[in-house]
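Source file: upload-v9.cif (mmCIF, N, CA and C atoms and all ligand atoms)
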```
data_work
loop_
_atom_site.label_atom_id
_atom_site.label_comp_id
_atom_site.auth_asym_id
_atom_site.auth_seq_id
_atom_site.Cartn_x
_atom_site.Cartn_y
_atom_site.Cartn_z
N MET A 1 -80.23 -11.91 238.04
CA MET A 1 -79.86 -10.57 238.52
C MET A 1 -80.65 -10.24 239.78
N ILE A 2 -79.92 -9.87 240.80
CA ILE A 2 -80.58 -9.53 242.06
C ILE A 2 -80.65 -8.02 242.20
N ILE A 3 -81.85 -7.54 242.46
CA ILE A 3 -82.05 -6.10 242.65
C ILE A 3 -82.25 -5.84 244.13
N SER A 4 -81.38 -5.03 244.68
CA SER A 4 -81.51 -4.76 246.10
C SER A 4 -81.23 -3.30 246.42
N SER A 5 -81.77 -2.86 247.53
CA SER A 5 -81.54 -1.50 248.00
C SER A 5 -80.09 -1.35 248.45
N GLN A 6 -79.45 -0.31 247.97
CA GLN A 6 -78.06 -0.07 248.37
C GLN A 6 -77.98 0.47 249.80
N VAL A 7 -79.10 0.89 250.31
CA VAL A 7 -79.11 1.47 251.65
C VAL A 7 -79.38 0.41 252.72
N CYS A 8 -80.43 -0.37 252.55
CA CYS A 8 -80.78 -1.34 253.58
C CYS A 8 -80.63 -2.78 253.10
N HIS A 9 -80.25 -2.96 251.82
CA HIS A 9 -79.98 -4.27 251.24
C HIS A 9 -81.23 -5.13 251.13
N LYS A 10 -82.38 -4.49 251.20
CA LYS A 10 -83.63 -5.20 250.97
C LYS A 10 -83.68 -5.63 249.51
N VAL A 11 -84.08 -6.87 249.24
CA VAL A 11 -84.16 -7.38 247.88
C VAL A 11 -85.54 -7.12 247.30
N LEU A 12 -85.56 -6.50 246.11
CA LEU A 12 -86.81 -6.20 245.44
C LEU A 12 -86.97 -7.09 244.22
N SER A 13 -88.20 -7.36 243.85
CA SER A 13 -88.46 -8.30 242.75
C SER A 13 -88.26 -7.68 241.38
N ASN A 14 -88.28 -6.35 241.29
CA ASN A 14 -88.07 -5.72 239.99
C ASN A 14 -87.60 -4.27 240.17
N PRO A 15 -87.03 -3.68 239.11
CA PRO A 15 -86.47 -2.33 239.21
C PRO A 15 -87.49 -1.28 239.60
N TYR A 16 -88.75 -1.51 239.24
CA TYR A 16 -89.76 -0.52 239.57
C TYR A 16 -90.01 -0.49 241.08
N LYS A 17 -90.04 -1.65 241.68
CA LYS A 17 -90.24 -1.68 243.13
C LYS A 17 -89.06 -1.04 243.84
N LEU A 18 -87.86 -1.25 243.30
CA LEU A 18 -86.68 -0.63 243.90
C LEU A 18 -86.78 0.88 243.83
N LYS A 19 -87.22 1.36 242.67
CA LYS A 19 -87.35 2.82 242.49
C LYS A 19 -88.24 3.42 243.57
N TYR A 20 -89.35 2.77 243.82
CA TYR A 20 -90.26 3.32 244.82
C TYR A 20 -89.76 3.05 246.23
N HIS A 21 -89.10 1.93 246.38
CA HIS A 21 -88.54 1.63 247.70
C HIS A 21 -87.54 2.68 248.14
N MET A 22 -86.73 3.16 247.20
CA MET A 22 -85.69 4.12 247.55
C MET A 22 -86.25 5.42 248.12
N ARG A 23 -87.49 5.68 247.84
CA ARG A 23 -88.11 6.88 248.42
C ARG A 23 -88.16 6.78 249.94
N VAL A 24 -88.21 5.57 250.41
CA VAL A 24 -88.26 5.35 251.86
C VAL A 24 -87.04 5.98 252.52
N HIS A 25 -85.91 5.91 251.81
CA HIS A 25 -84.67 6.43 252.38
C HIS A 25 -84.47 7.92 252.13
N SER A 26 -85.17 8.47 251.15
CA SER A 26 -84.96 9.87 250.81
C SER A 26 -85.99 10.78 251.46
N ASP A 27 -87.11 10.21 251.84
CA ASP A 27 -88.16 11.02 252.43
C ASP A 27 -88.34 10.70 253.91
N ARG A 28 -88.66 11.70 254.63
CA ARG A 28 -88.99 11.50 256.04
C ARG A 28 -90.50 11.64 256.16
N ARG A 29 -91.16 10.54 256.43
CA ARG A 29 -92.61 10.52 256.42
C ARG A 29 -93.14 10.30 257.84
N GLU A 30 -93.69 11.34 258.36
CA GLU A 30 -94.12 11.27 259.76
C GLU A 30 -95.61 11.01 259.91
N PHE A 31 -96.34 11.21 258.81
CA PHE A 31 -97.79 11.02 258.89
C PHE A 31 -98.17 9.74 258.17
N LYS A 32 -98.73 8.80 258.89
CA LYS A 32 -99.07 7.51 258.30
C LYS A 32 -100.57 7.32 258.19
N CYS A 33 -100.96 6.78 257.01
CA CYS A 33 -102.36 6.45 256.81
C CYS A 33 -102.72 5.27 257.71
N SER A 34 -103.77 5.42 258.49
CA SER A 34 -104.16 4.36 259.43
C SER A 34 -104.84 3.20 258.72
N VAL A 35 -105.22 3.41 257.44
CA VAL A 35 -105.92 2.36 256.71
C VAL A 35 -104.95 1.45 255.96
N CYS A 36 -104.04 2.05 255.19
CA CYS A 36 -103.15 1.23 254.36
C CYS A 36 -101.68 1.37 254.75
N GLY A 37 -101.35 2.27 255.67
CA GLY A 37 -99.99 2.36 256.16
C GLY A 37 -99.04 3.22 255.34
N THR A 38 -99.53 3.83 254.28
CA THR A 38 -98.68 4.69 253.48
C THR A 38 -98.26 5.92 254.27
N GLY A 39 -96.97 6.28 254.19
CA GLY A 39 -96.49 7.42 254.95
C GLY A 39 -96.45 8.69 254.14
N PHE A 40 -96.62 9.83 254.81
CA PHE A 40 -96.58 11.13 254.14
C PHE A 40 -95.76 12.12 254.95
N LYS A 41 -95.22 13.10 254.22
CA LYS A 41 -94.37 14.09 254.87
C LYS A 41 -95.16 15.16 255.60
N GLY A 42 -96.38 15.35 255.14
CA GLY A 42 -97.18 16.41 255.74
C GLY A 42 -98.61 15.99 256.02
N ARG A 43 -99.21 16.66 256.97
CA ARG A 43 -100.59 16.33 257.32
C ARG A 43 -101.52 16.56 256.13
N GLY A 44 -101.22 17.62 255.35
CA GLY A 44 -102.04 17.92 254.18
C GLY A 44 -102.00 16.81 253.15
N ASN A 45 -100.81 16.23 252.98
CA ASN A 45 -100.68 15.13 252.03
C ASN A 45 -101.50 13.93 252.48
N LEU A 46 -101.47 13.67 253.76
CA LEU A 46 -102.23 12.55 254.31
C LEU A 46 -103.74 12.80 254.14
N SER A 47 -104.15 14.02 254.40
CA SER A 47 -105.56 14.34 254.26
C SER A 47 -106.03 14.12 252.83
N ARG A 48 -105.19 14.54 251.89
CA ARG A 48 -105.55 14.38 250.48
C ARG A 48 -105.58 12.89 250.12
N HIS A 49 -104.66 12.15 250.66
CA HIS A 49 -104.63 10.71 250.43
C HIS A 49 -105.91 10.05 250.94
N MET A 50 -106.34 10.44 252.11
CA MET A 50 -107.55 9.84 252.69
C MET A 50 -108.77 10.10 251.82
N ILE A 51 -108.80 11.32 251.23
CA ILE A 51 -109.94 11.66 250.37
C ILE A 51 -109.90 10.85 249.08
N ASN A 52 -108.68 10.72 248.50
CA ASN A 52 -108.54 10.05 247.21
C ASN A 52 -108.61 8.53 247.33
N PHE A 53 -108.03 7.98 248.39
CA PHE A 53 -107.90 6.53 248.49
C PHE A 53 -109.00 5.90 249.34
N HIS A 54 -109.41 6.58 250.36
CA HIS A 54 -110.36 5.98 251.30
C HIS A 54 -111.54 6.91 251.56
N PRO A 55 -112.23 7.31 250.50
CA PRO A 55 -113.30 8.32 250.66
C PRO A 55 -114.43 7.85 251.57
N ALA A 56 -114.62 6.53 251.66
CA ALA A 56 -115.71 6.03 252.49
C ALA A 56 -115.18 5.25 253.69
N GLY A 57 -113.90 5.43 253.97
CA GLY A 57 -113.32 4.74 255.10
C GLY A 57 -113.11 3.26 254.86
N LYS A 58 -113.06 2.88 253.58
CA LYS A 58 -112.88 1.46 253.26
C LYS A 58 -111.40 1.11 253.16
N GLY A 59 -111.12 -0.15 252.94
CA GLY A 59 -109.75 -0.63 252.86
C GLY A 59 -109.13 -0.37 251.50
N THR A 60 -107.92 -0.91 251.31
CA THR A 60 -107.15 -0.63 250.10
C THR A 60 -107.74 -1.29 248.86
N GLU A 61 -108.69 -2.19 249.03
CA GLU A 61 -109.27 -2.86 247.87
C GLU A 61 -110.04 -1.89 246.99
N GLU A 62 -110.37 -0.75 247.55
CA GLU A 62 -111.11 0.25 246.79
C GLU A 62 -110.19 1.18 246.02
N ASP A 63 -108.89 0.99 246.15
CA ASP A 63 -107.95 1.89 245.48
C ASP A 63 -108.10 1.84 243.97
N SER A 64 -107.97 2.99 243.36
CA SER A 64 -108.04 3.05 241.90
C SER A 64 -106.70 2.68 241.29
N LYS A 65 -106.71 2.23 240.05
CA LYS A 65 -105.48 1.77 239.41
C LYS A 65 -104.47 2.89 239.22
N LYS A 66 -104.93 4.10 239.02
CA LYS A 66 -104.00 5.19 238.76
C LYS A 66 -103.10 5.45 239.96
N ASP A 67 -103.51 5.00 241.11
CA ASP A 67 -102.72 5.24 242.31
C ASP A 67 -101.92 4.01 242.73
N SER A 68 -101.83 3.03 241.85
CA SER A 68 -101.17 1.78 242.22
C SER A 68 -99.70 1.98 242.54
N GLU A 69 -99.07 2.97 241.95
CA GLU A 69 -97.66 3.22 242.21
C GLU A 69 -97.43 3.49 243.69
N GLU A 70 -98.26 4.31 244.24
CA GLU A 70 -98.08 4.67 245.64
C GLU A 70 -98.22 3.46 246.54
N HIS A 71 -99.11 2.56 246.16
CA HIS A 71 -99.33 1.42 247.03
C HIS A 71 -98.31 0.31 246.80
N LEU A 72 -97.64 0.32 245.67
CA LEU A 72 -96.49 -0.57 245.53
C LEU A 72 -95.45 -0.18 246.56
N GLN A 73 -95.25 1.10 246.68
CA GLN A 73 -94.29 1.59 247.66
C GLN A 73 -94.74 1.20 249.06
N LYS A 74 -96.00 1.32 249.31
CA LYS A 74 -96.52 0.96 250.62
C LYS A 74 -96.20 -0.48 250.96
N MET A 75 -96.36 -1.38 249.98
CA MET A 75 -96.10 -2.78 250.22
C MET A 75 -94.64 -3.01 250.59
N ASP A 76 -93.74 -2.27 249.95
CA ASP A 76 -92.33 -2.40 250.29
C ASP A 76 -92.08 -2.04 251.74
N GLN A 77 -92.72 -0.99 252.19
CA GLN A 77 -92.50 -0.54 253.55
C GLN A 77 -93.02 -1.58 254.56
N GLU A 78 -94.12 -2.21 254.22
CA GLU A 78 -94.75 -3.10 255.20
C GLU A 78 -94.09 -4.47 255.27
N THR A 79 -93.27 -4.79 254.29
CA THR A 79 -92.64 -6.11 254.30
C THR A 79 -91.23 -6.07 254.88
N GLU A 80 -90.90 -4.94 255.48
CA GLU A 80 -89.56 -4.83 256.08
C GLU A 80 -89.38 -5.89 257.17
ZN ZN B 101 -83.77 0.18 251.34
ZN ZN B 102 -104.25 4.89 252.83
#
```

Render the structure in this file as structure tokens.
Amino acid sequence: MIISSQVCHKVLSNPYKLKYHMRVHSDRREFKCSVCGTGFKGRGNLSRHMINFHPAGKGTEEDSKKDSEEHLQKMDQETE
């Protein structure tokens, strides 16, 4: 079974990745994290992300597991 985006036909490895990938098409994200590339709709969202994900200005390896969903989505965006 092949799972792919109905919008851009990108092939995803599992339904969960597709679910998060589809947000790319539904959201307009103008603010991008300079560390991990995750996009946000508002400057406030980005600011909060920076505090939660990169409190010491480190890379994505410091991300906590509870936020892994957001970074799965990030990976989809970067492999376009
Ligand atoms: Zn797509
Ligand atoms: Zn980030």

- Query: Which chains and residue numbers are within 10 Å of ligand ZN 101 (chain B), counting only C-alpha atoms and all ligand atoms, if I want them as a VMD selection string?
  - Reply: chain A and resid 4 to 12 18 to 26 76 to 77 80

- Task: Write as a PyMOL selection string the residues around ligand ZN 102 (chain B), taking 5 Å as the cut-off and counting all atoms listed in the file.
- Result: chain A and resi 33+35-37

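Here CA of Phe31 in chain A and CA of Lys17 in chain A stand 21.6 Å from one another.
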
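A straight line drawn from atom N of Arg43 in chain A to CA of Glu30 in chain A is 7.9 Å long.
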
- Message: Between CA of Phe53 in chain A and atom C of Lys32 in chain A, what distance in Å does the model show, to one decimal?
- Response: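 These two atoms are separated by 12.2 Å.
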
- Message: Taking (-100.9, 9.5, 249.1) in the coordinates of the supplied file, I want to know which residues reach to within 7 Å of it, counting only C-alpha atoms; could you give the answer as a list of chain:residue names?
- Response: A:Thr38, A:Phe40, A:Asn45, A:Leu46, A:Arg48, A:His49, A:Glu70
